[in-house]
file final-v6.cif (mmCIF, C-alpha atoms)
data_target
#
loop_
_atom_site.label_atom_id
_atom_site.label_comp_id
_atom_site.auth_asym_id
_atom_site.auth_seq_id
_atom_site.Cartn_x
_atom_site.Cartn_y
_atom_site.Cartn_z
CA MET A 22 0.00 0.00 0.00
CA THR A 23 1.44 3.35 -1.01
CA VAL A 24 0.76 6.60 0.77
CA ASN A 25 1.61 9.79 -1.08
CA ILE A 26 2.70 12.76 0.94
CA ILE A 27 2.74 16.39 -0.18
CA ILE A 28 4.85 18.74 1.86
CA PHE A 29 4.25 22.45 2.29
CA GLY A 30 6.17 25.54 3.35
CA GLN A 31 9.53 25.26 4.98
CA LEU A 32 9.02 21.61 5.81
CA THR A 33 10.24 21.07 2.25
CA ASP A 34 13.72 22.08 3.47
CA ILE A 35 13.62 19.00 5.67
CA ALA A 36 11.82 16.38 3.60
CA GLY A 37 11.52 17.67 0.02
CA SER A 38 8.22 18.56 -1.63
CA SER A 39 6.75 15.07 -1.96
CA LEU A 40 7.26 11.53 -0.71
CA ALA A 41 5.76 8.08 -1.15
CA LEU A 42 5.84 5.62 1.74
CA GLU A 43 4.86 1.95 1.82
CA ASN A 44 2.99 -0.02 4.48
CA ILE A 45 1.78 2.78 6.69
CA ALA A 46 -1.49 1.98 8.46
CA ASP A 47 -2.51 5.29 9.95
CA THR A 48 -1.39 8.86 10.59
CA ASN A 49 0.23 7.98 13.94
CA GLY A 50 2.34 5.37 12.17
CA LEU A 51 3.14 7.88 9.46
CA VAL A 52 4.37 10.50 11.92
CA LYS A 53 6.55 7.90 13.64
CA GLU A 54 8.11 6.83 10.35
CA LEU A 55 8.62 10.44 9.19
CA HIS A 56 10.34 11.37 12.43
CA ILE A 57 12.70 8.42 12.07
CA ARG A 58 13.55 9.35 8.49
CA TYR A 59 13.66 13.10 9.11
CA PRO A 60 14.45 13.78 12.78
CA ALA A 61 14.21 17.56 12.22
CA LEU A 62 10.47 17.11 11.53
CA ALA A 63 9.99 16.16 15.17
CA ASP A 64 10.92 19.72 16.18
CA ALA A 65 8.76 21.36 13.52
CA LYS A 66 5.16 22.40 13.94
CA TYR A 67 2.67 21.14 11.35
CA VAL A 68 -0.79 19.68 10.84
CA ILE A 69 -1.66 16.60 8.85
CA ALA A 70 -4.43 16.48 6.28
CA VAL A 71 -5.66 13.23 4.76
CA ASP A 72 -7.41 13.48 1.41
CA LYS A 73 -7.91 17.22 1.85
CA LYS A 74 -9.34 17.01 5.34
CA VAL A 75 -7.38 18.10 8.38
CA ALA A 76 -6.90 15.04 10.58
CA ASN A 77 -7.33 16.16 14.19
CA GLU A 78 -7.14 12.56 15.39
CA ASN A 79 -5.36 9.39 14.32
CA THR A 80 -6.73 8.54 10.88
CA THR A 81 -6.58 5.26 8.98
CA LEU A 82 -4.78 5.47 5.64
CA THR A 83 -5.86 3.48 2.62
CA GLU A 84 -4.33 2.66 -0.74
CA ASN A 85 -3.57 5.90 -2.55
CA SER A 86 -4.38 8.15 0.39
CA VAL A 87 -2.88 11.58 -0.14
CA VAL A 88 -1.46 13.13 2.99
CA ALA A 89 -0.44 16.77 3.30
CA LEU A 90 1.91 18.20 5.92
CA LEU A 91 1.19 21.88 6.50
CA PRO A 92 3.24 24.19 8.71
CA PRO A 93 1.90 27.48 10.07
CA PHE A 94 3.35 30.68 8.67
CA SER A 95 2.99 34.20 9.80
CA GLY A 96 4.36 36.46 7.07
CA GLY A 97 2.26 39.36 5.91
CA MET B 29 -21.26 62.03 -3.88
CA ASP B 30 -24.57 62.34 -5.72
CA LYS B 31 -26.45 59.22 -6.61
CA GLU B 32 -25.64 59.26 -10.30
CA LYS B 33 -21.90 59.61 -9.74
CA LEU B 34 -22.05 56.90 -7.09
CA TYR B 35 -23.67 54.54 -9.56
CA GLU B 36 -21.14 55.46 -12.22
CA ARG B 37 -18.16 54.86 -9.96
CA TYR B 38 -19.24 51.34 -9.06
CA GLN B 39 -21.16 50.54 -12.25
CA ARG B 40 -18.93 47.67 -13.37
CA GLN B 41 -19.54 45.73 -10.18
CA ILE B 42 -23.16 46.80 -9.73
CA ILE B 43 -24.06 45.18 -13.06
CA LEU B 44 -22.71 41.82 -11.87
CA PRO B 45 -25.29 39.07 -11.32
CA ASP B 46 -26.39 38.91 -7.66
CA PHE B 47 -24.39 42.03 -6.81
CA GLY B 48 -26.53 44.98 -7.89
CA GLN B 49 -27.33 48.21 -6.04
CA GLU B 50 -28.05 46.12 -2.99
CA GLY B 51 -24.53 44.68 -2.91
CA GLN B 52 -23.11 48.16 -3.30
CA GLN B 53 -25.20 49.48 -0.42
CA LYS B 54 -23.96 46.61 1.76
CA LEU B 55 -20.36 47.53 0.94
CA LEU B 56 -20.95 51.21 1.69
CA LYS B 57 -22.47 50.36 5.04
CA ALA B 58 -19.72 47.86 5.97
CA LYS B 59 -17.08 48.63 8.59
CA ILE B 60 -13.91 46.62 8.26
CA MET B 61 -10.64 46.71 10.14
CA VAL B 62 -7.38 45.82 8.42
CA ILE B 63 -4.55 44.95 10.79
CA GLY B 64 -1.18 45.37 9.16
CA ALA B 65 -0.67 47.69 6.16
CA GLY B 66 2.20 45.69 4.67
CA GLY B 67 2.48 43.11 1.90
CA LEU B 68 -1.02 41.70 2.39
CA GLY B 69 -2.55 44.90 3.76
CA CYS B 70 -1.69 46.99 0.69
CA PRO B 71 -3.75 45.01 -1.86
CA VAL B 72 -6.52 44.36 0.66
CA LEU B 73 -6.83 48.09 1.40
CA GLN B 74 -6.54 49.14 -2.21
CA TYR B 75 -9.25 46.81 -3.51
CA LEU B 76 -11.64 47.31 -0.61
CA ALA B 77 -11.33 51.10 -0.76
CA ALA B 78 -11.80 51.01 -4.53
CA ALA B 79 -14.85 48.75 -4.17
CA GLY B 80 -16.47 51.29 -1.86
CA VAL B 81 -16.32 49.66 1.57
CA GLY B 82 -17.74 52.53 3.62
CA THR B 83 -15.52 52.50 6.70
CA ILE B 84 -11.99 51.09 6.80
CA GLY B 85 -9.80 51.08 9.91
CA ILE B 86 -6.06 50.55 9.45
CA VAL B 87 -3.90 49.45 12.37
CA ASP B 88 -0.11 49.51 11.94
CA ASP B 89 2.58 50.99 14.16
CA ASP B 90 5.35 50.53 11.58
CA VAL B 91 6.93 53.01 9.17
CA VAL B 92 7.72 52.50 5.48
CA ALA B 93 11.19 50.98 4.94
CA ILE B 94 13.07 50.61 1.69
CA ASN B 95 12.96 46.80 1.81
CA ASN B 96 9.15 46.94 2.00
CA LEU B 97 8.77 48.52 -1.45
CA HIS B 98 9.16 45.35 -3.55
CA ARG B 99 5.80 44.08 -2.24
CA GLN B 100 4.03 46.91 -0.39
CA VAL B 101 2.83 48.58 -3.53
CA LEU B 102 0.78 51.40 -2.01
CA TYR B 103 3.97 53.20 -1.01
CA SER B 104 6.62 54.97 -3.06
CA ALA B 105 10.26 55.85 -2.51
CA ASP B 106 9.17 59.26 -1.16
CA ASP B 107 7.31 57.61 1.72
CA LEU B 108 10.30 56.10 3.54
CA GLY B 109 10.06 56.70 7.28
CA LEU B 110 6.37 57.70 7.19
CA SER B 111 3.71 55.93 9.28
CA LYS B 112 2.18 53.16 7.18
CA ALA B 113 -1.28 53.60 8.67
CA LYS B 114 -1.34 57.36 8.05
CA ARG B 115 0.29 57.25 4.62
CA ALA B 116 -2.01 54.44 3.47
CA ALA B 117 -5.00 56.45 4.70
CA GLN B 118 -3.90 59.50 2.65
CA ILE B 119 -3.40 57.45 -0.51
CA LEU B 120 -6.73 55.63 -0.12
CA ASP B 121 -8.50 58.91 0.54
CA GLN B 122 -7.29 60.12 -2.86
CA LEU B 123 -8.32 56.84 -4.43
CA ASN B 124 -11.84 57.06 -3.03
CA PRO B 125 -12.89 60.28 -1.26
CA GLY B 126 -16.41 58.88 -0.78
CA ILE B 127 -15.46 56.50 2.04
CA ARG B 128 -14.13 56.90 5.57
CA ILE B 129 -10.59 55.73 6.36
CA ILE B 130 -9.44 55.70 9.97
CA PRO B 131 -5.70 55.20 10.59
CA TYR B 132 -4.45 53.91 13.94
CA SER B 133 -0.65 54.24 14.05
CA GLU B 134 -0.35 52.06 17.09
CA ARG B 135 0.46 48.47 17.79
CA LEU B 136 -2.49 46.15 18.34
CA THR B 137 -2.27 44.86 21.91
CA ALA B 138 -4.51 42.84 24.20
CA GLN B 139 -5.27 46.17 25.91
CA ASN B 140 -6.61 48.00 22.84
CA ALA B 141 -7.82 45.12 20.63
CA LEU B 142 -11.32 44.67 22.04
CA ILE B 143 -11.96 48.43 22.13
CA LEU B 144 -10.79 48.87 18.51
CA PHE B 145 -12.63 45.81 17.18
CA ASP B 146 -15.88 46.97 18.75
CA GLU B 147 -16.26 49.67 16.07
CA PHE B 148 -15.98 47.24 13.14
CA ASP B 149 -17.93 44.24 11.84
CA THR B 150 -15.25 42.29 9.93
CA ILE B 151 -11.57 41.93 10.88
CA ILE B 152 -8.83 41.26 8.33
CA ASP B 153 -5.57 39.78 9.55
CA CYS B 154 -2.64 41.04 7.45
CA THR B 155 -0.09 40.90 10.25
CA ASP B 156 3.40 39.42 10.17
CA ASN B 157 3.76 37.67 13.49
CA PHE B 158 2.15 34.83 15.43
CA SER B 159 1.53 36.62 18.70
CA THR B 160 -0.72 39.19 17.00
CA ARG B 161 -2.38 36.50 14.86
CA TYR B 162 -3.40 34.43 17.90
CA MET B 163 -4.54 37.56 19.70
CA ILE B 164 -6.70 38.62 16.72
CA ASN B 165 -8.17 35.13 16.45
CA ASP B 166 -9.07 34.96 20.13
CA ALA B 167 -10.55 38.47 20.11
CA CYS B 168 -12.70 37.60 17.08
CA VAL B 169 -13.98 34.43 18.78
CA LEU B 170 -14.78 36.37 21.98
CA MET B 171 -16.56 39.14 20.05
CA ASN B 172 -18.11 36.80 17.49
CA LYS B 173 -16.72 38.66 14.47
CA PRO B 174 -15.76 37.06 11.15
CA LEU B 175 -12.02 37.01 10.49
CA VAL B 176 -10.45 37.02 7.04
CA TYR B 177 -7.03 35.41 7.39
CA GLY B 178 -4.05 35.36 5.07
CA ALA B 179 -0.37 34.52 5.53
CA ILE B 180 2.61 34.28 3.23
CA SER B 181 6.12 32.90 3.33
CA ARG B 182 8.63 32.58 0.50
CA PHE B 183 6.53 31.26 -2.43
CA GLU B 184 3.46 30.01 -0.54
CA GLY B 185 0.35 31.58 0.85
CA GLN B 186 -2.64 30.56 2.98
CA VAL B 187 -6.13 32.10 2.97
CA ALA B 188 -9.17 31.31 5.12
CA VAL B 189 -12.30 32.81 6.60
CA PHE B 190 -12.55 32.03 10.30
CA ASN B 191 -15.34 32.35 12.78
CA PHE B 192 -18.02 32.49 10.13
CA MET B 193 -20.85 30.03 9.64
CA ARG B 194 -21.54 29.38 6.02
CA ASN B 195 -24.75 27.59 6.76
CA GLY B 196 -26.69 27.09 9.95
CA ASN B 197 -25.61 23.49 10.55
CA ASP B 198 -21.87 24.04 10.70
CA GLU B 199 -19.84 25.07 13.67
CA ALA B 200 -17.55 27.99 12.87
CA VAL B 201 -13.87 27.05 12.73
CA ASN B 202 -11.20 29.43 13.99
CA TYR B 203 -7.41 29.59 13.58
CA ARG B 204 -6.81 27.55 16.71
CA ASP B 205 -8.78 24.65 15.21
CA LEU B 206 -6.04 24.54 12.59
CA PHE B 207 -3.01 25.34 14.75
CA PRO B 208 -4.08 25.15 18.42
CA ASN B 209 -0.97 26.70 19.96
CA PRO B 210 1.43 29.34 18.66
CA PRO B 211 4.81 28.07 17.57
CA ARG B 212 7.83 29.52 19.33
CA GLU B 213 9.65 32.29 17.50
CA ASP B 214 12.47 29.95 16.62
CA GLU B 215 10.22 27.23 15.18
CA VAL B 216 9.10 29.22 12.14
CA LEU B 217 10.88 31.90 10.13
CA ASN B 218 9.18 35.24 9.40
CA CYS B 219 9.29 37.20 6.11
CA ALA B 220 12.42 39.03 7.17
CA GLU B 221 14.27 35.76 7.63
CA ALA B 222 12.60 33.57 5.00
CA GLY B 223 12.00 36.07 2.19
CA VAL B 224 8.83 36.49 0.15
CA LEU B 225 7.99 36.97 -3.51
CA GLY B 226 6.28 40.34 -4.13
CA PRO B 227 3.42 39.22 -6.40
CA LEU B 228 2.55 36.42 -3.95
CA ALA B 229 1.59 39.11 -1.42
CA GLY B 230 -0.55 40.65 -4.18
CA ILE B 231 -2.23 37.33 -5.02
CA ILE B 232 -3.01 36.33 -1.43
CA GLY B 233 -4.00 39.89 -0.47
CA SER B 234 -6.32 40.08 -3.48
CA MET B 235 -7.92 36.79 -2.45
CA MET B 236 -8.48 38.19 1.03
CA ALA B 237 -10.12 41.30 -0.43
CA ASN B 238 -12.26 39.04 -2.60
CA GLU B 239 -13.35 36.93 0.40
CA THR B 240 -14.20 40.11 2.31
CA ILE B 241 -16.42 41.38 -0.51
CA LYS B 242 -18.14 37.97 -0.63
CA LEU B 243 -18.75 38.02 3.13
CA ILE B 244 -20.21 41.52 3.04
CA THR B 245 -22.39 41.14 -0.04
CA GLY B 246 -23.35 37.50 0.50
CA ILE B 247 -22.34 36.38 -2.98
CA GLY B 248 -20.56 33.11 -3.71
CA ALA B 249 -19.12 30.63 -1.22
CA PRO B 250 -16.67 32.14 1.27
CA LEU B 251 -13.70 30.06 2.44
CA ALA B 252 -15.36 29.32 5.77
CA ASN B 253 -14.17 26.12 7.47
CA GLN B 254 -11.58 25.75 4.74
CA LEU B 255 -7.95 26.61 4.19
CA LEU B 256 -6.67 27.44 0.74
CA THR B 257 -2.97 27.21 0.03
CA PHE B 258 -1.32 28.58 -3.10
CA ASN B 259 2.17 27.88 -4.39
CA ALA B 260 3.50 30.64 -6.65
CA LEU B 261 6.20 28.41 -8.16
CA SER B 262 3.97 25.52 -9.24
CA ASN B 263 0.63 27.41 -9.36
CA GLN B 264 -0.78 24.56 -7.30
CA VAL B 265 -3.86 25.36 -5.25
CA TYR B 266 -4.66 23.02 -2.38
CA GLN B 267 -7.93 23.44 -0.54
CA LEU B 268 -8.53 21.66 2.74
CA ALA B 269 -11.61 21.12 4.88
CA LEU B 270 -11.14 22.17 8.51
CA SER B 271 -13.14 20.98 11.47
CA VAL B 272 -13.66 22.06 15.06
CA ARG B 273 -11.25 20.55 17.59
CA ASN B 274 -12.64 19.74 21.01
CA GLU B 275 -9.79 21.34 22.91
CA THR B 276 -9.84 24.65 21.01
CA ARG B 277 -12.37 26.33 23.24
CA SER B 278 -10.23 25.72 26.33
CA LEU B 279 -7.25 27.47 24.68
CA ILE B 280 -9.14 30.72 24.06
CA PRO B 281 -9.59 33.15 26.97
CA GLU B 282 -13.16 32.67 28.15
CA ASN B 283 -13.96 36.33 28.71
CA GLU B 284 -12.62 39.86 28.31
CA VAL B 285 -10.85 39.85 31.67
CA ALA B 286 -8.98 36.63 30.83
CA PHE B 287 -8.15 38.04 27.38
CA LEU B 288 -6.63 41.20 28.87
CA GLN B 289 -4.47 39.04 31.14
CA THR B 290 -3.15 36.86 28.33
CA ASP B 291 0.38 37.72 27.36
CA TYR B 292 0.47 36.86 23.66
CA GLU B 293 4.07 38.00 23.17
CA TRP B 294 5.11 35.61 25.90
CA LEU B 295 3.17 32.68 24.45
CA CYS B 296 5.22 32.97 21.26
CA SER B 297 8.46 33.98 22.85
CA SER B 298 11.58 31.95 22.18
CA GLU B 299 12.53 32.39 25.82
CA THR B 300 10.07 29.66 26.65
CA LYS B 301 12.42 27.10 25.23
CA GLU B 302 15.15 27.78 27.73
CA SER B 303 12.87 27.71 30.73
CA GLU B 304 10.86 24.64 29.70
CA ILE B 305 11.96 21.21 30.83
CA GLY B 306 10.67 17.80 29.82
CA PRO B 307 9.40 15.10 32.23
CA GLU B 308 12.77 13.32 32.37
CA LEU B 309 14.81 16.33 33.44
CA PHE B 310 11.95 17.19 35.77
CA ASN B 311 12.34 13.81 37.51
CA ASP B 312 16.13 14.19 37.62
CA LEU B 313 15.94 17.61 39.25
CA ILE B 314 13.51 16.36 41.88
CA ALA B 315 15.80 13.39 42.62
CA LYS B 316 18.75 15.76 43.06
CA GLY B 317 16.93 17.72 45.76
CA ASN B 318 17.14 21.36 46.83
CA VAL B 319 14.22 22.14 44.54
CA ASP B 320 10.81 23.67 45.15
CA VAL B 321 8.13 22.23 42.89
CA ILE B 322 5.10 24.51 42.68
CA ASP B 323 1.63 23.50 41.56
CA VAL B 324 0.28 26.77 40.10
CA ARG B 325 -3.18 25.36 39.38
CA GLU B 326 -6.29 26.51 41.20
CA PRO B 327 -7.38 24.50 44.26
CA GLY B 328 -9.53 21.51 43.30
CA GLU B 329 -8.05 20.87 39.85
CA ILE B 330 -7.48 17.20 39.12
CA PRO B 331 -5.37 15.09 38.99
CA VAL B 332 -4.29 15.71 42.56
CA VAL B 333 -0.53 15.31 42.67
CA ASN B 334 1.01 13.34 45.54
CA ASP B 335 3.76 11.63 43.54
CA PHE B 336 6.40 14.12 44.71
CA SER B 337 6.40 16.87 47.29
CA ASN B 338 5.03 20.14 45.95
CA ILE B 339 3.80 23.50 47.13
CA LYS B 340 0.35 24.55 45.99
CA ILE B 341 0.23 28.24 45.03
CA PRO B 342 -2.24 29.31 42.31
CA LEU B 343 -0.71 31.46 39.55
CA ALA B 344 -2.38 34.68 40.68
CA LYS B 345 -1.09 34.27 44.25
CA LEU B 346 2.59 33.65 43.49
CA SER B 347 3.70 37.14 44.41
CA GLU B 348 2.07 37.28 47.82
CA ASN B 349 3.31 33.80 48.71
CA ARG B 350 6.93 34.31 47.66
CA SER B 351 8.17 33.57 51.18
CA LEU B 352 7.04 29.94 50.78
CA ILE B 353 9.59 29.48 47.97
CA LYS B 354 13.05 28.92 49.41
CA SER B 355 15.15 26.68 47.16
CA ASP B 356 17.55 27.86 44.48
CA THR B 357 15.84 25.76 41.86
CA ILE B 358 12.13 26.29 41.23
CA ILE B 359 9.93 24.24 38.91
CA ALA B 360 6.37 25.31 38.22
CA PHE B 361 3.81 22.95 36.78
CA CYS B 362 0.15 23.17 35.81
CA GLN B 363 -2.27 21.12 33.75
CA SER B 364 -0.82 21.57 30.23
CA GLY B 365 2.34 23.64 30.69
CA LYS B 366 0.92 27.06 29.78
CA ARG B 367 0.18 28.65 33.13
CA SER B 368 3.48 27.33 34.42
CA LEU B 369 5.21 29.30 31.65
CA GLN B 370 3.50 32.44 32.91
CA ALA B 371 4.60 31.43 36.39
CA VAL B 372 8.22 31.36 35.19
CA LYS B 373 7.83 34.92 34.02
CA ILE B 374 6.30 36.07 37.30
CA LEU B 375 8.90 34.20 39.36
CA SER B 376 11.73 35.62 37.25
CA ASN B 377 10.41 39.10 38.02
CA ILE B 378 10.31 38.30 41.74
CA PHE B 379 13.66 36.55 42.10
CA GLY B 380 15.62 38.02 39.18
CA GLY B 381 18.56 35.96 37.95
CA ASP B 382 19.41 34.51 41.36
CA ARG B 383 17.46 31.30 41.00
CA LYS B 384 16.96 28.68 38.32
CA ILE B 385 13.31 28.71 37.31
CA TYR B 386 11.67 26.12 35.08
CA SER B 387 8.28 25.11 33.71
CA LEU B 388 7.25 21.48 33.16
CA ARG B 389 6.54 21.12 29.43
CA GLY B 390 3.20 19.49 28.66
CA GLY B 391 2.12 19.89 32.28
CA ILE B 392 1.14 17.23 34.76
CA VAL B 393 -1.12 15.54 32.21
CA GLN B 394 1.84 14.72 30.01
CA TRP B 395 3.97 13.74 33.00
CA LYS B 396 1.32 11.28 34.25
CA LYS B 397 0.96 9.80 30.78
CA LEU B 398 4.70 9.09 30.54
CA LYS B 399 4.74 7.66 34.03
CA GLN B 400 2.12 5.10 33.00
CA THR B 401 4.15 3.97 30.01
CA ILE B 402 7.32 3.34 32.06
#
call {"tool": "encode", "arguments": {"input": "final-v6.cif", "output": "structure tokens"}}
result
Amino acid sequence: MTVNIIIFGQLTDIAGSSLALENIADTNGLVKELHIRYPALADAKYVIAVDKKVANENTTLTENSVVALLPPFSGG
Amino acid sequence: MDKEKLYERYQRQIILPDFGQEGQQKLLKAKIMVIGAGGLGCPVLQYLAAAGVGTIGIVDDDVVAINNLHRQVLYSADDLGLSKAKRAAQILDQLNPGIRIIPYSERLTAQNALILFDEFDTIIDCTDNFSTRYMINDACVLMNKPLVYGAISRFEGQVAVFNFMRNGNDEAVNYRDLFPNPPREDEVLNCAEAGVLGPLAGIIGSMMANETIKLITGIGAPLANQLLTFNALSNQVYQLALSVRNETRSLIPENEVAFLQTDYEWLCSSETKESEIGPELFNDLIAKGNVDVIDVREPGEIPVVNDFSNIKIPLAKLSENRSLIKSDTIIAFCQSGKRSLQAVKILSNIFGGDRKIYSLRGGIVQWKKLKQTI
């Protein structure tokens, strides 16, 4: 099962602008895996959206789920 | 302006389907407040003044600087050093003498925010820092005012309409439903550090002006309960559905008094990092001894903590009970780690640099959770 991840803002400095990961069951598992691969992500602030919905709680991922990682920004 | 001229001035929008004279009247009666007359504020102000929004307040305590000019297109090279709020007001007055522009060349603070907002029905956040953004959000929730939000960094922008119910069944989402707590200053770069592309400010600012016109006139579907992101390099637009988080309400001051007491600068301050300690260091320090652990929660809050010796002094009573605190090392804790951060500030004021003062990150809730997993 492949999960596609789109990365926004300055998180792209850490993990590039997109990623595909295999065998990830849910968003908690995804965060764990991401923080192993990219330790700097653990110190960054971001929200996770699954299929264009912000996931406030652990969310099950399915084949071809698209996950977005969005950091806050404050520039004006 | 006489009626005929008025019609002529706005004719190209009045003839739009669903807009009409009625839409124009709604704009002329509207009172909006734009906070920040910078990269986002310039296009927002320009389009809303041109469209005939009747009353526009501008809050900005900054002056025009030369490195603003690549994106803050209201100003010219002759304006360097002038107050942005006042200069923008002059320029907009020339653009549309038929509306009222009120400049406030002061910084928005918790002390003046509620008083200023009271005069306006829609608030537009064009600021450049998190502490003001969280303050604006909380004030809008308290006062039940719609908030048009936009933010930019490098090549990307975000737009949303917060605190606005599109239809009766929805609950209105606010900024804290998206990002519950402010990041520390060092967690995210601002425009000065990260850079920003000029036209991106124009694109996002124009979208904010567009959303504001939709809110006022009732046309179209405003970006309520949604976040739109735009990437200027790829032209990708990504639109997300937002939903209410259960804990959001508890993060927002519950009334005006609590709002006035909230120190938004402190919540976003990078100093917090140095004074915050995690549960492990917390346990180590207690084991070492010569430490006063202070529970700054109100009496009766649960869980009751008997796991280590601690002194119970509610946040508001720290000053008067200073004599109870004797050790060189002081650790404050509360439920989630927020009040204890305020306690660090208060204690630092009382004891100066003589003592080591810490706050337990994540509060006692987090500490208990970790204890269970060990």
call {"tool": "axis_aligned_box", "arguments": {"input": "final-v6.cif", "around": "segment 56-62 of chain A", "padding_each_side": "6 Å", "output": "JSON"}}
result
{"center_x": 12.4, "center_y": 13.0, "center_z": 10.6, "size_x": 16.1, "size_y": 21.1, "size_z": 16.3}
call {"tool": "closest_residue", "arguments": {"input": "final-v6.cif", "among": "B:Arg383, B:Lys366, B:Lys31, B:Arg99", "to": "chain A", "atoms": "only C-alpha atoms"}}
result
B:Arg99
call {"tool": "residues_near_point", "arguments": {"input": "final-v6.cif", "point": "(0.1, 5.6, 4.0)", "cutoff": "9 Å", "atoms": "all atoms listed in the file", "output": "PDB file with C-alpha atoms, in the coordinates of the input"}}
result
ATOM      1  CA  MET A  22       0.000   0.000   0.000  1.00  0.00           C
ATOM      2  CA  THR A  23       1.440   3.350  -1.010  1.00  0.00           C
ATOM      3  CA  VAL A  24       0.760   6.600   0.770  1.00  0.00           C
ATOM      4  CA  ASN A  25       1.610   9.790  -1.080  1.00  0.00           C
ATOM      5  CA  ILE A  26       2.700  12.760   0.940  1.00  0.00           C
ATOM      6  CA  ALA A  41       5.760   8.080  -1.150  1.00  0.00           C
ATOM      7  CA  LEU A  42       5.840   5.620   1.740  1.00  0.00           C
ATOM      8  CA  GLU A  43       4.860   1.950   1.820  1.00  0.00           C
ATOM      9  CA  ASN A  44       2.990  -0.020   4.480  1.00  0.00           C
ATOM     10  CA  ILE A  45       1.780   2.780   6.690  1.00  0.00           C
ATOM     11  CA  ALA A  46      -1.490   1.980   8.460  1.00  0.00           C
ATOM     12  CA  ASP A  47      -2.510   5.290   9.950  1.00  0.00           C
ATOM     13  CA  THR A  48      -1.390   8.860  10.590  1.00  0.00           C
ATOM     14  CA  GLY A  50       2.340   5.370  12.170  1.00  0.00           C
ATOM     15  CA  LEU A  51       3.140   7.880   9.460  1.00  0.00           C
ATOM     16  CA  THR A  81      -6.580   5.260   8.980  1.00  0.00           C
ATOM     17  CA  LEU A  82      -4.780   5.470   5.640  1.00  0.00           C
ATOM     18  CA  THR A  83      -5.860   3.480   2.620  1.00  0.00           C
ATOM     19  CA  GLU A  84      -4.330   2.660  -0.740  1.00  0.00           C
ATOM     20  CA  ASN A  85      -3.570   5.900  -2.550  1.00  0.00           C
ATOM     21  CA  SER A  86      -4.380   8.150   0.390  1.00  0.00           C
ATOM     22  CA  VAL A  87      -2.880  11.580  -0.140  1.00  0.00           C
ATOM     23  CA  VAL A  88      -1.460  13.130   2.990  1.00  0.00           C
TER      24      VAL A  88
END
call {"tool": "residues_near_point", "arguments": {"input": "final-v6.cif", "point": "(1.3, 16.8, -0.7)", "cutoff": "12 Å", "atoms": "all atoms listed in the file", "output": "JSON, numbers by chain"}}
result
{"A": [24, 25, 26, 27, 28, 29, 30, 32, 33, 36, 37, 38, 39, 40, 41, 69, 70, 71, 72, 73, 86, 87, 88, 89, 90, 91], "B": [257, 259, 264, 265, 266, 267, 268]}
call {"tool": "residues_around", "arguments": {"input": "final-v6.cif", "residues": "Leu175 of chain B", "least_positions_apart": "4", "cutoff": "8 Å", "atoms": "all atoms listed in the file", "output": "PyMOL selection string"}}
result
chain B and resi 150-153+165+168+189-192
call {"tool": "interface_residues", "arguments": {"input": "final-v6.cif", "of": "chain A", "to": "chain B", "cutoff": "8 Å", "atoms": "only C-alpha atoms", "output": "PyMOL selection string"}}
result
chain A and resi 30+64-68+70+73-75+77+93-97
call {"tool": "residues_around", "arguments": {"input": "final-v6.cif", "residues": "Lys345 of chain B", "least_positions_apart": "2", "cutoff": "12 Å", "atoms": "all atoms listed in the file", "output": "PyMOL selection string"}}
result
chain B and resi 322-327+340-343+347-352+371+374-375
call {"tool": "resolve_selection", "arguments": {"input": "final-v6.cif", "expression": "the PyMOL selection byres ((chain B and resi 140) around 12)", "output": "number ranges by chain"}}
result
B: 87, 132, 134-139, 141-147, 163-164, 167, 284, 287-288
call {"tool": "atom_distance", "arguments": {"input": "final-v6.cif", "atom1": "atom CA of Pro60 of chain A", "atom2": "atom CA of Asp34 of chain A"}}
result
12.5 Å
call {"tool": "resolve_selection", "arguments": {"input": "final-v6.cif", "expression": "the PyMOL selection byres ((chain B and resi 310) around 12)", "output": "ChimeraX atom specification"}}
result
/B:303-309,311-317,319-321,336,357-361,385-392,394-395
call {"tool": "atom_distance", "arguments": {"input": "final-v6.cif", "atom1": "atom CA of Ile63 of chain B", "atom2": "atom CA of Ala78 of chain B"}}
result
18.0 Å
call {"tool": "resolve_selection", "arguments": {"input": "final-v6.cif", "expression": "the PyMOL selection byres ((chain B and resi 80) around 7)", "output": "PyMOL selection string"}}
result
chain B and resi 55-56+76-79+81-82+127
call {"tool": "atom_distance", "arguments": {"input": "final-v6.cif", "atom1": "atom CA of Ser337 of chain B", "atom2": "atom CA of Asp382 of chain B"}}
result
22.7 Å
call {"tool": "closest_residue", "arguments": {"input": "final-v6.cif", "among": "B:Val91, B:Ala344, B:Ala249, B:Leu120", "to": "Asp107 of chain B", "atoms": "all atoms listed in the file"}}
result
B:Val91
